[in-house]
$ cat upload.cif   # mmCIF, C-alpha atoms and all ligand atoms
data_protein
#
loop_
_atom_site.group_PDB
_atom_site.id
_atom_site.type_symbol
_atom_site.label_atom_id
_atom_site.label_comp_id
_atom_site.auth_asym_id
_atom_site.auth_seq_id
_atom_site.Cartn_x
_atom_site.Cartn_y
_atom_site.Cartn_z
ATOM 1 C CA MET U 356 95.609 158.876 47.494
ATOM 2 C CA THR U 357 93.873 156.128 49.458
ATOM 3 C CA ARG U 358 90.763 157.401 51.124
ATOM 4 C CA ILE U 359 90.405 156.859 54.868
ATOM 5 C CA GLN U 360 87.457 154.694 55.874
ATOM 6 C CA LEU U 361 85.856 156.664 58.737
ATOM 7 C CA ALA U 362 83.082 155.515 61.072
ATOM 8 C CA THR U 363 81.256 157.236 63.905
ATOM 9 C CA VAL U 364 79.403 155.128 66.465
ATOM 10 C CA TRP U 365 76.642 156.208 68.878
ATOM 11 C CA LEU U 366 76.341 154.106 72.036
ATOM 12 C CA SER U 367 74.908 155.394 75.348
ATOM 13 C CA GLY U 368 75.357 159.136 74.944
ATOM 14 C CA CYS U 369 73.203 162.165 74.273
ATOM 15 C CA SER U 370 74.516 162.628 70.699
ATOM 16 C CA GLY U 371 76.138 165.881 71.798
ATOM 17 C CA CYS U 372 79.525 164.558 70.690
ATOM 18 C CA HIS U 373 78.127 163.950 67.212
ATOM 19 C CA MET U 374 76.640 167.461 67.239
ATOM 20 C CA SER U 375 80.109 168.770 68.057
ATOM 21 C CA PHE U 376 81.477 166.796 65.089
ATOM 22 C CA LEU U 377 79.083 168.776 62.901
ATOM 23 C CA ASP U 378 80.547 171.953 64.434
ATOM 24 C CA LEU U 379 83.636 171.260 62.318
ATOM 25 C CA ASP U 380 81.671 173.366 59.839
ATOM 26 C CA GLU U 381 83.626 174.126 56.666
ATOM 27 C CA TRP U 382 86.427 171.708 57.634
ATOM 28 C CA LEU U 383 83.864 168.968 56.978
ATOM 29 C CA PHE U 384 84.324 169.785 53.278
ATOM 30 C CA ASP U 385 88.082 169.159 53.603
ATOM 31 C CA LEU U 386 87.331 165.977 55.509
ATOM 32 C CA ALA U 387 84.909 164.798 52.851
ATOM 33 C CA GLN U 388 87.719 165.024 50.262
ATOM 34 C CA GLN U 389 89.814 162.566 52.275
ATOM 35 C CA VAL U 390 87.431 160.064 53.870
ATOM 36 C CA ASP U 391 84.558 157.766 53.106
ATOM 37 C CA LEU U 392 82.006 157.870 55.928
ATOM 38 C CA VAL U 393 81.220 154.160 55.978
ATOM 39 C CA TYR U 394 79.159 153.908 59.175
ATOM 40 C CA SER U 395 77.472 156.608 61.244
ATOM 41 C CA PRO U 396 74.101 157.683 62.650
ATOM 42 C CA LEU U 397 74.622 160.676 60.358
ATOM 43 C CA ALA U 398 74.658 158.319 57.358
ATOM 44 C CA ASP U 399 72.100 155.854 58.745
ATOM 45 C CA VAL U 400 74.167 152.798 57.806
ATOM 46 C CA LYS U 401 72.847 149.659 59.499
ATOM 47 C CA THR U 402 75.808 147.269 59.414
ATOM 48 C CA TYR U 403 79.312 148.030 60.670
ATOM 49 C CA PRO U 404 81.609 147.188 57.765
ATOM 50 C CA PRO U 405 85.046 145.525 57.828
ATOM 51 C CA GLY U 406 88.204 147.477 57.044
ATOM 52 C CA VAL U 407 87.442 150.680 58.958
ATOM 53 C CA ASP U 408 90.538 152.860 59.485
ATOM 54 C CA VAL U 409 89.250 155.243 62.155
ATOM 55 C CA ALA U 410 86.166 155.085 64.384
ATOM 56 C CA LEU U 411 84.928 157.809 66.724
ATOM 57 C CA VAL U 412 82.899 156.027 69.424
ATOM 58 C CA GLU U 413 80.499 158.225 71.410
ATOM 59 C CA GLY U 414 78.900 156.957 74.604
ATOM 60 C CA ALA U 415 79.311 154.259 77.206
ATOM 61 C CA ILE U 416 78.359 150.579 77.101
ATOM 62 C CA ALA U 417 74.920 150.368 78.720
ATOM 63 C CA ASN U 418 73.058 147.482 77.091
ATOM 64 C CA ARG U 419 73.633 144.175 75.337
ATOM 65 C CA ASP U 420 73.420 145.684 71.855
ATOM 66 C CA HIS U 421 76.222 148.080 72.780
ATOM 67 C CA LEU U 422 78.325 145.141 73.948
ATOM 68 C CA SER U 423 78.025 143.219 70.700
ATOM 69 C CA LEU U 424 78.466 146.353 68.564
ATOM 70 C CA ILE U 425 81.624 147.544 70.328
ATOM 71 C CA ARG U 426 83.197 144.095 69.954
ATOM 72 C CA GLN U 427 82.404 144.165 66.240
ATOM 73 C CA VAL U 428 83.768 147.720 65.989
ATOM 74 C CA ARG U 429 87.004 146.631 67.677
ATOM 75 C CA ASP U 430 87.393 143.619 65.396
ATOM 76 C CA ARG U 431 86.876 145.696 62.248
ATOM 77 C CA THR U 432 88.662 148.957 63.111
ATOM 78 C CA GLN U 433 92.316 149.910 63.047
ATOM 79 C CA CYS U 434 92.115 153.012 65.267
ATOM 80 C CA LEU U 435 89.291 153.160 67.810
ATOM 81 C CA ILE U 436 88.859 156.570 69.452
ATOM 82 C CA SER U 437 86.971 156.951 72.733
ATOM 83 C CA PHE U 438 85.011 160.052 71.745
ATOM 84 C CA GLY U 439 83.883 162.197 74.682
ATOM 85 C CA ASP U 440 83.575 161.788 78.429
ATOM 86 C CA CYS U 441 80.771 159.195 78.345
ATOM 87 C CA ALA U 442 82.943 156.854 76.276
ATOM 88 C CA ILE U 443 86.011 157.514 78.438
ATOM 89 C CA THR U 444 84.568 157.495 81.973
ATOM 90 C CA GLY U 445 80.902 156.497 81.726
ATOM 91 C CA ASN U 446 80.012 160.082 82.693
ATOM 92 C CA VAL U 447 76.251 160.801 82.652
ATOM 93 C CA PRO U 448 74.963 157.311 81.679
ATOM 94 C CA ALA U 449 77.001 155.804 84.534
ATOM 95 C CA LEU U 450 75.198 157.927 87.141
ATOM 96 C CA ARG U 451 72.869 154.943 87.585
ATOM 97 C CA ASN U 452 75.712 152.640 88.615
ATOM 98 C CA PRO U 453 75.319 153.279 92.395
ATOM 99 C CA LEU U 454 71.900 151.586 92.105
ATOM 100 C CA GLY U 455 73.875 148.409 91.446
ATOM 101 C CA ARG U 456 71.513 146.707 89.021
ATOM 102 C CA ALA U 457 69.324 147.374 86.006
ATOM 103 C CA ASP U 458 66.055 146.400 87.784
ATOM 104 C CA PRO U 459 65.677 149.487 90.009
ATOM 105 C CA VAL U 460 66.443 151.727 87.016
ATOM 106 C CA LEU U 461 63.689 150.107 84.949
ATOM 107 C CA THR U 462 61.252 150.145 87.866
ATOM 108 C CA ARG U 463 61.876 153.829 88.501
ATOM 109 C CA ALA U 464 61.614 154.803 84.824
ATOM 110 C CA TYR U 465 58.696 152.650 83.710
ATOM 111 C CA LEU U 466 56.602 152.011 86.849
ATOM 112 C CA GLU U 467 57.196 154.585 89.581
ATOM 113 C CA THR U 468 57.325 157.669 87.365
ATOM 114 C CA ALA U 469 54.844 156.627 84.661
ATOM 115 C CA ASP U 470 51.091 155.957 84.828
ATOM 116 C CA GLY U 471 49.908 152.506 83.827
ATOM 117 C CA ALA U 472 53.093 151.643 82.027
ATOM 118 C CA GLN U 473 55.005 148.384 82.074
ATOM 119 C CA ILE U 474 58.637 147.472 81.728
ATOM 120 C CA PRO U 475 59.219 146.644 78.053
ATOM 121 C CA GLY U 476 60.257 143.081 77.418
ATOM 122 C CA GLY U 477 61.020 140.748 74.564
ATOM 123 C CA ASP U 478 62.933 142.207 71.637
ATOM 124 C CA LEU U 479 61.365 145.650 71.954
ATOM 125 C CA VAL U 480 64.413 147.235 73.586
ATOM 126 C CA PRO U 481 67.867 145.748 74.220
ATOM 127 C CA PRO U 482 68.307 144.506 77.810
ATOM 128 C CA LEU U 483 70.139 146.938 80.064
ATOM 129 C CA LEU U 484 73.392 145.844 81.648
ATOM 130 C CA ASP U 485 73.546 146.100 85.432
ATOM 131 C CA THR U 486 76.550 148.426 85.163
ATOM 132 C CA VAL U 487 77.350 151.087 82.585
ATOM 133 C CA MET U 488 80.956 150.695 81.410
ATOM 134 C CA PRO U 489 83.460 153.003 79.706
ATOM 135 C CA VAL U 490 84.594 151.686 76.328
ATOM 136 C CA HIS U 491 88.183 150.843 77.336
ATOM 137 C CA THR U 492 86.957 148.440 80.034
ATOM 138 C CA VAL U 493 85.380 146.270 77.328
ATOM 139 C CA VAL U 494 87.755 146.564 74.354
ATOM 140 C CA PRO U 495 91.189 148.150 73.833
ATOM 141 C CA VAL U 496 91.084 151.819 72.853
ATOM 142 C CA ASP U 497 93.762 153.511 70.715
ATOM 143 C CA CYS U 498 93.075 157.162 71.454
ATOM 144 C CA TYR U 499 91.113 159.221 73.997
ATOM 145 C CA LEU U 500 89.319 162.417 73.016
ATOM 146 C CA PRO U 501 87.905 163.970 76.227
ATOM 147 C CA GLY U 502 85.229 166.600 76.632
ATOM 148 C CA CYS U 503 81.499 166.837 77.176
ATOM 149 C CA PRO U 504 81.394 167.295 74.324
ATOM 150 C CA PRO U 505 84.894 167.594 72.857
ATOM 151 C CA ASN U 506 84.814 170.847 70.916
ATOM 152 C CA ALA U 507 85.437 170.946 67.177
ATOM 153 C CA GLU U 508 89.021 172.131 67.690
ATOM 154 C CA ARG U 509 89.841 168.980 69.670
ATOM 155 C CA ILE U 510 88.155 166.738 67.146
ATOM 156 C CA ARG U 511 90.154 168.311 64.353
ATOM 157 C CA ALA U 512 93.379 168.013 66.419
ATOM 158 C CA VAL U 513 92.828 164.243 66.565
ATOM 159 C CA LEU U 514 91.559 163.614 63.053
ATOM 160 C CA LYS U 515 94.091 165.747 61.170
ATOM 161 C CA PRO U 516 97.212 163.717 62.091
ATOM 162 C CA LEU U 517 95.324 160.449 61.647
ATOM 163 C CA LEU U 518 94.450 161.430 58.086
ATOM 164 C CA GLN U 519 98.169 161.861 57.439
ATOM 165 C CA GLY U 520 99.029 158.506 59.000
ATOM 166 C CA ASP U 521 100.398 160.026 62.236
ATOM 167 C CA ARG U 522 99.379 159.371 65.823
ATOM 168 C CA PRO U 523 97.570 162.295 67.458
ATOM 169 C CA ALA U 524 99.229 163.698 70.584
ATOM 170 C CA LEU U 525 96.883 165.920 72.566
ATOM 171 C CA SER U 526 98.459 168.145 75.193
ATOM 172 C CA GLY U 527 97.532 171.291 77.089
ATOM 173 C CA ALA U 528 94.409 172.027 79.079
ATOM 174 C CA GLU U 529 92.497 173.230 76.043
ATOM 175 C CA LEU U 530 92.786 169.821 74.420
ATOM 176 C CA ILE U 531 92.734 167.299 77.248
ATOM 177 C CA ARG U 532 90.395 168.695 79.898
ATOM 178 C CA PHE U 533 87.309 166.668 80.822
ATOM 179 C CA GLY U 534 83.890 168.299 80.897
HETATM 180 S S1 LIG E 601 80.260 163.248 76.568
HETATM 181 FE FE1 LIG E 601 78.693 164.829 76.997
HETATM 182 S S2 LIG E 601 78.052 165.526 74.959
HETATM 183 FE FE2 LIG E 601 79.112 163.533 74.666
HETATM 184 S S3 LIG E 601 77.484 161.992 74.747
HETATM 185 FE FE3 LIG E 601 78.272 162.226 76.838
HETATM 186 S S4 LIG E 601 76.891 163.729 77.814
HETATM 187 FE FE4 LIG E 601 76.619 163.914 75.595
#
$ encode --input "upload.cif" --output "structure tokens" --more "lines below"
Ligand code: SF4
Amino acid sequence: MTRIQLATVWLSGCSGCHMSFLDLDEWLFDLAQQVDLVYSPLADVKTYPPGVDVALVEGAIANRDHLSLIRQVRDRTQCLISFGDCAITGNVPALRNPLGRADPVLTRAYLETADGAQIPGGDLVPPLLDTVMPVHTVVPVDCYLPGCPPNAERIRAVLKPLLQGDRPALSGAELIRFG
């Protein structure tokens, strides 16, 4: 049997969605029999590889590194899953959007609420975008997996059919509710 090439991607999110992935507990052993985890913060792989079958993308697009990574993910992935409310709606990272620009966010974080600090420049941190964007507003998304975080049951309900070559169809409040 051909093994599924699985990736998980961490953009602007708290990593809670990845923690929920680990809540799959013993099913992770079943999963490990069927997939190769080719890119993930859990595997500390640096370069997103070509030929990925399924990618779970946690978090919104908040900086320029996210922008270039999500475009690469889209180019190299057959099924891109918006994984969790931050990826789907912007959620918590997008709370800064009413400020309108990145500058007041940086000023508040690095100058007004810190002593003697300065806004980092150069290549130290990737430049923030003025607006935090959900994934589907930047690249096409194949599947939405809501929740903050999505619980393990939902994650399994999406991954199981994909492993068998079927499209997942989430329905019912337990599987599609936000939050
Ligand atoms: S959806 Fe919730 S758990 Fe997932 S990254 Fe966002 S804030 Fe964290």
$ resolve_selection --input "upload.cif" --expression "the PyMOL selection byres (((not hetatm)) within 7 of (chain E and resi 601))" --output "PyMOL selection string"
chain U and resi 368-372+413-414+439-442+446-447+502-504
$ closest_residue --input "upload.cif" --among "U:Phe533, U:Trp382, U:Phe376, U:Phe438" --to "Tyr499 of chain U" --atoms "only C-alpha atoms"
U:Phe438
$ resolve_selection --input "upload.cif" --expression "the PyMOL selection byres (((chain U and resi 489) around 7) and not hetatm)" --output "VMD selection string"
chain U and resid 415 to 416 441 to 445 488 490 to 492
$ residues_near_point --input "upload.cif" --point "(96.2, 155.0, 51.3)" --cutoff "12 Å" --atoms "all atoms listed in the file" --output "list in words"
Met356, Thr357, Arg358, Ile359, Gln360, Gln389, Val390, Asp408, Leu517, Leu518, Gln519 and Gly520 of chain U
$ closest_residue --input "upload.cif" --among "U:Leu422, U:Leu514, U:Ile531, U:Ala524" --to "Leu383 of chain U" --atoms "all atoms listed in the file"
U:Leu514
$ resolve_selection --input "upload.cif" --expression "the PyMOL selection byres (((chain U and resi 510) around 9) and not hetatm)" --output "ChimeraX atom specification"
/U:375-376,379,438,500,505-509,511-515
$ residues_near_point --input "upload.cif" --point "(74.6, 144.4, 82.5)" --cutoff "10 Å" --atoms "only C-alpha atoms" --output "PDB file with C-alpha atoms, in the coordinates of the input"
ATOM      1  CA  ILE U 416      78.359 150.579  77.101  1.00  0.00           C
ATOM      2  CA  ALA U 417      74.920 150.368  78.720  1.00  0.00           C
ATOM      3  CA  ASN U 418      73.058 147.482  77.091  1.00  0.00           C
ATOM      4  CA  ARG U 419      73.633 144.175  75.337  1.00  0.00           C
ATOM      5  CA  LEU U 422      78.325 145.141  73.948  1.00  0.00           C
ATOM      6  CA  GLY U 455      73.875 148.409  91.446  1.00  0.00           C
ATOM      7  CA  ARG U 456      71.513 146.707  89.021  1.00  0.00           C
ATOM      8  CA  ALA U 457      69.324 147.374  86.006  1.00  0.00           C
ATOM      9  CA  PRO U 482      68.307 144.506  77.810  1.00  0.00           C
ATOM     10  CA  LEU U 483      70.139 146.938  80.064  1.00  0.00           C
ATOM     11  CA  LEU U 484      73.392 145.844  81.648  1.00  0.00           C
ATOM     12  CA  ASP U 485      73.546 146.100  85.432  1.00  0.00           C
ATOM     13  CA  THR U 486      76.550 148.426  85.163  1.00  0.00           C
ATOM     14  CA  VAL U 487      77.350 151.087  82.585  1.00  0.00           C
ATOM     15  CA  MET U 488      80.956 150.695  81.410  1.00  0.00           C
TER      16      MET U 488
END
$ residues_around --input "upload.cif" --residues "Tyr403 of chain U" --least-positions-apart "2" --cutoff "7 Å" --atoms "all atoms listed in the file" --output "PyMOL selection string"
chain U and resi 394+401+405+428
$ atom_distance --input "upload.cif" --atom1 "atom CA of Asp378 of chain U" --atom2 "atom CA of Pro396 of chain U"
15.8 Å
$ closest_residue --input "upload.cif" --among "U:Asp521, U:Ile436, U:Asp430, U:Asp420" --to "Asp478 of chain U" --atoms "only C-alpha atoms"
U:Asp420
$ closest_residue --input "upload.cif" --among "U:Ala398, U:Ala528, U:Val460, U:Ala362" --to "Val412 of chain U" --atoms "only C-alpha atoms"
U:Ala362
$ atom_distance --input "upload.cif" --atom1 "atom CA of Ala387 of chain U" --atom2 "atom CA of Arg431 of chain U"
21.4 Å
$ closest_residue --input "upload.cif" --among "U:Leu361, U:Leu397, U:Ile474, U:Val493" --to "Thr462 of chain U" --atoms "only C-alpha atoms"
U:Ile474
$ atom_distance --input "upload.cif" --atom1 "atom CA of Val494 of chain U" --atom2 "atom CA of Ala410 of chain U"
13.2 Å
$ decode --input "upload.cif" --residues "segment 494-505 of chain U" --atoms "N, CA, C and O atoms" --output "short mmCIF file (atom, residue, chain, number, x, y, z; two decimals), in the first residue's frame"
data_model
loop_
_atom_site.label_atom_id
_atom_site.label_comp_id
_atom_site.auth_asym_id
_atom_site.auth_seq_id
_atom_site.Cartn_x
_atom_site.Cartn_y
_atom_site.Cartn_z
N VAL U 494 -4.84 31.32 -0.39
CA VAL U 494 -4.73 30.18 -1.31
C VAL U 494 -6.00 29.35 -1.20
O VAL U 494 -6.68 29.37 -0.18
N PRO U 495 -6.33 28.57 -2.25
CA PRO U 495 -7.51 27.70 -2.15
C PRO U 495 -7.32 26.63 -1.07
O PRO U 495 -6.23 26.09 -0.91
N VAL U 496 -8.41 26.35 -0.38
CA VAL U 496 -8.41 25.34 0.69
C VAL U 496 -9.34 24.20 0.27
O VAL U 496 -10.40 24.44 -0.31
N ASP U 497 -8.97 22.97 0.56
CA ASP U 497 -9.77 21.81 0.15
C ASP U 497 -10.74 21.34 1.23
O ASP U 497 -11.75 20.72 0.92
N CYS U 498 -10.42 21.62 2.48
CA CYS U 498 -11.24 21.08 3.57
C CYS U 498 -11.10 21.98 4.79
O CYS U 498 -10.01 22.51 5.05
N TYR U 499 -12.20 22.16 5.52
CA TYR U 499 -12.18 23.01 6.73
C TYR U 499 -12.43 22.14 7.95
O TYR U 499 -13.38 21.36 7.98
N LEU U 500 -11.59 22.31 8.95
CA LEU U 500 -11.69 21.52 10.18
C LEU U 500 -11.78 22.51 11.35
O LEU U 500 -10.77 22.95 11.91
N PRO U 501 -13.04 22.93 11.72
CA PRO U 501 -13.18 23.99 12.71
C PRO U 501 -12.96 23.51 14.14
O PRO U 501 -12.96 22.32 14.43
N GLY U 502 -12.81 24.50 15.01
CA GLY U 502 -12.63 24.22 16.44
C GLY U 502 -11.44 24.99 16.98
O GLY U 502 -10.53 25.33 16.26
N CYS U 503 -11.50 25.29 18.25
CA CYS U 503 -10.41 26.04 18.90
C CYS U 503 -10.07 25.36 20.23
O CYS U 503 -10.44 25.84 21.28
N PRO U 504 -9.31 24.27 20.14
CA PRO U 504 -8.89 23.58 18.92
C PRO U 504 -9.94 22.56 18.48
O PRO U 504 -10.82 22.21 19.27
N PRO U 505 -9.82 22.03 17.25
CA PRO U 505 -10.64 20.88 16.88
C PRO U 505 -10.24 19.72 17.80
O PRO U 505 -9.05 19.49 18.00
#
